[in-house]
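Presented below is the structure to which this report refers.
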Amino acid sequence: MEYPLFQIAIAVAVISATTVIWRVLNWVWLRPKKLEKHMRKQGFHGNSYRFLYGDTIENMSMLMATRSNSISISHDVPSRTTPFLCKLVRDYGKRTFFWAGQTPRIVIMNPEMVKEVLNNHLKYPKPVAHPIFNIFIQGLPSLNGSEWTLHRRLLNPAFHTEKLKGMLPAFDLCCHEMTIKWMEMIGEGRNSCELDVWPFLQTLTSDVISRTAFGSCYQEGKKVFELQVEQADYAFKALQSVYLPGSRFLPTKRNQRMEEIDKKVRFLVKGIIDKKMKAMKEGEASTDDLLGLLLEANSKEFGQGNKNNGMSSDDVIEECKAFYFAGQETTSTLLVWTLVLLSMHPNWQDRARLEVLQVIGDDKLDIGHLNHLKIVSTLFFMQLEVTMILYEVLRLYASVSILVRQINEEITLADISLLPGMQIVVPVNQIHHDHEIWGADAKEFNPERFSEGISKATKNQATAFFPFGGGPRICIGQNFAILEAKLAVAMILRKFSFKLSPSYKHAPVNKLTTQPAYGANLILHKV
């Protein structure tokens, strides 16, 4: 018996519609409830799943509230950068979970579990980036698998210690230019002035990246930084909302502006790359900067016949965008909180300055000086004052608040059964402030805790301190950031003492990185 064509068409349409409805229902309700039941059976506690949005609205509301007010001077950073997560831990304990839209995120705070997750990046990959966030930045931080392995291998040579040594003159020049500006602002016949150091530190680290990564001056890269700061704010807000498939293509004001910024950034970065490649071909440019080293490594890859194993031009552009943003943000936030905390704790400022003056005095800085900033406290032990201070700042004010990993197959982590569709959250700030790990003074500034190294400070739980991530995916630029910070702190301490201005408002906020919402107003004094 033959059916009319329209009846077949209707049957196909009904089946297709039913399939779509089932998939949508499974996505927005059935699967989340199934995963919630599984988590609760294992003793995890959290809010019940709420249709479509989960905990997103409450999370975003609490986070945005921190941007509108300052707090009394304290180092309780998690309550500002991850307030919703703090509330969950208070309400449910450390064995908790929350909802990022329809995705359940299990919170892991045990250092041994953290070590397992971070050391096995293939088993626990990074989640696929938010589609809107992808417009902002891709590159090494967002890659997985063989693509990540390739990019990491090609980028590694640029961050070797020997290469970093060659960047010291650029570090020194940029720091010198900043301190000269500060001296000029104090002026002749005066000994002090009030100054918001935050924008100056952002300019400093931007200049350093421009010179060391691209061999160009800050003015050439300035527009890129300005655009990426704006793009970062859009990306941060996108991460705090539920993404509906295809919504990034809607002609909203935000989507249109993000696309416009992306085109401008790519155009500017491509211009820098093309200029560098032309100069390299003509033998006019050194390949000691990060871009030159990357292009050289990539050229060798192609030269060996590995045409499928090198980076495309788009890949290089994305890595440059990552250089610009990650390199500038990580170091500038470390520096601003270092100056703020040393202003709060003048005894540590004096100790660090004494160390700097004893070791280097008024000499030119070099890699040897930076690796041996020290004073002798006993006949048997040397304290690395500046390093201890930087570690303590990184502990209290970690640049990144959380790390997220994806579960793509059924996995057992210690006593936890994880199912596909779940995600793991490693709360960096919460772990860095955990009294069980760091002691009763966990929320206090005490660089002395690092006097015998990280392992001793964490009671032999080294993975309890991971401001740059951990395992194979540890930040490739961590040595770059620490070296730059050491030099900047040393140069500032040699020329200035500083304290908090009465106008200073303490307001750490999460804007992808932990930043001072109202700047960092200090009173600078000539030394």
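Here's how to read the names in the structure tokens: chain A, B, ... by the order shown, residue numbers from 1 in each chain, ligand numbers from 1 in the order shown.
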
Original post:
What lies within 9 Å of segment 431-437 of chain A using only C-alpha atoms, ignoring chain neighbours under 5 positions off, as a ChimeraX atom specification?
Top reply: /A:76-78,109-111,394-398,426,442-443,457-459,461,464-467

Original post:
Can you list every residue in segment 360-520 of chain A that DSSP puts in strand (DSSP E), as a PyMOL selection string?
Top reply: chain A and resi 375-376+382-383+402-406+411-413+416-418+423-427+496-500+508-511+513-516

**OP:** Report the distance between atom CA of Leu294 of chain A and atom CA of Leu118 of chain A in Å, rounded to one decimal place.
**Re:** 26.0 Å

Subject >> Polymer residues at most 9 Å from Leu140 of chain A, only C-alpha atoms, same-chain spacing of 5 or more positions, as an MDAnalysis selection string >> reply: chainID A and resid 147:148 151:152 318:319 322

Would you output that residue set with N, CA and C atoms, as a short mmCIF file (atom, residue, chain, number, x, y, z; two decimals), in the first residue's frame?
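The file below, selection_21.cif, is the result:
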```cif
data_model
loop_
_atom_site.label_atom_id
_atom_site.label_comp_id
_atom_site.auth_asym_id
_atom_site.auth_seq_id
_atom_site.Cartn_x
_atom_site.Cartn_y
_atom_site.Cartn_z
N GLU A 147 46.61 19.90 19.42
CA GLU A 147 46.78 21.29 19.03
C GLU A 147 47.49 22.06 20.15
N TRP A 148 47.10 21.80 21.40
CA TRP A 148 47.77 22.43 22.54
C TRP A 148 49.23 22.00 22.59
N HIS A 151 51.31 23.88 19.90
CA HIS A 151 51.53 25.29 20.22
C HIS A 151 52.48 25.45 21.40
N ARG A 152 52.31 24.59 22.42
CA ARG A 152 53.19 24.68 23.58
C ARG A 152 54.64 24.41 23.17
N GLU A 318 46.28 34.62 16.95
CA GLU A 318 45.63 34.32 18.23
C GLU A 318 46.64 34.22 19.37
N GLU A 319 47.81 33.65 19.09
CA GLU A 319 48.84 33.57 20.13
C GLU A 319 49.35 34.97 20.49
N ALA A 322 46.92 36.49 22.76
CA ALA A 322 47.09 35.92 24.10
C ALA A 322 48.29 36.55 24.80
#
```

**OP:** Can you check which residues of segment 144-215 of chain A DSSP gives as alpha helix (DSSP H) on the backbone and send them as a PyMOL selection string?
**Re:** chain A and resi 145-155+161-165+168-186+197-214
